Amino acid sequence: MKAKSRAGERKPKPRLRTIRKSASEIAPPSARDLERLRRAMELDIDTSEIPERRSGRATRARRSPEGRPITPSESAIRDAIRRELDHRQITRYELWKRARVHRPTLSESAVYEFLRGERQIGLEYVEALLVAVDLEVRRRNETARDARPGPRRVAI
């Protein structure tokens, strides 16, 4: 909510000033400062206020109640895309660049996490990945005579 004065006008925000200094302009720490820092390093650290699970890159491996690692669910489409990347010797980065032609909002991390089985992505993004490696989805029971020539197919 924006701060307003009594007359209903917005209060001006205080100006923040950034100060830039090079290392040579900063005074060296005094002996007292160094001693204070050394004492602080020897103290126990209270981590009780730090949440157990934080969002970000470093996340703990998920495990079952028995302690075994949880493997990502199998996905015929994900596996077919990975096989096609190996077959064509295409990197995941190159796949992402090609798919962005069809879906500019597709993030690089979404592609990497999807291919690792850590994340699900929307149908339009999956379609962009399939087009990027020239794959299409068809039924398993579709015979060779029903299949039209063209892109390789993922049987589901």
# chains A, B, ... in the order shown; residues from 1 in each chain; ligands from 1
$ residues_around --residues "segment 123-127 of chain A" --least-positions-apart "5" --cutoff "10 Å" --atoms "only C-alpha atoms" --output "list in words"
Ile77, Arg78, Ile81, Ala99, Arg100, His102, Arg103, Pro104, Thr105, Leu106, Ser107, Ala110, Val111, Phe114, Ala132, Leu135, Glu136 and Val137 of chain A
$ select_by_dssp --residues "segment 24-95 of chain A" --states "helix (DSSP H, G or I)" --output "VMD selection string"
chain A and resid 24 to 25 31 to 42 76 to 88 92 to 95
$ closest_residue --among "A:Ser48, A:Thr18, A:Glu108, A:Asp134" --to "Tyr93 of chain A" --atoms "only C-alpha atoms"
A:Glu108
$ closest_residue --among "A:Leu95, A:Met41, A:Ile26, A:Leu115" --to "Ala76 of chain A" --atoms "only C-alpha atoms"
A:Leu115
$ residues_around --residues "Val133 of chain A" --least-positions-apart "2" --cutoff "9 Å" --atoms "only C-alpha atoms" --output "VMD selection string"
chain A and resid 81 84 to 85 88 90 95 98 to 99 128 to 131 135 151 to 152
$ atom_distance --atom1 "atom CA of Asn141 of chain A" --atom2 "atom CA of Glu74 of chain A"
20.1 Å
$ atom_distance --atom1 "atom CA of Arg116 of chain A" --atom2 "atom CA of Pro51 of chain A"
25.9 Å
$ atom_distance --atom1 "atom CA of Gly122 of chain A" --atom2 "atom CA of Lys97 of chain A"
17.4 Å
$ closest_residue --among "A:Arg138, A:Glu118, A:Glu113, A:Ile45" --to "Ala61 of chain A" --atoms "only C-alpha atoms"
A:Glu118
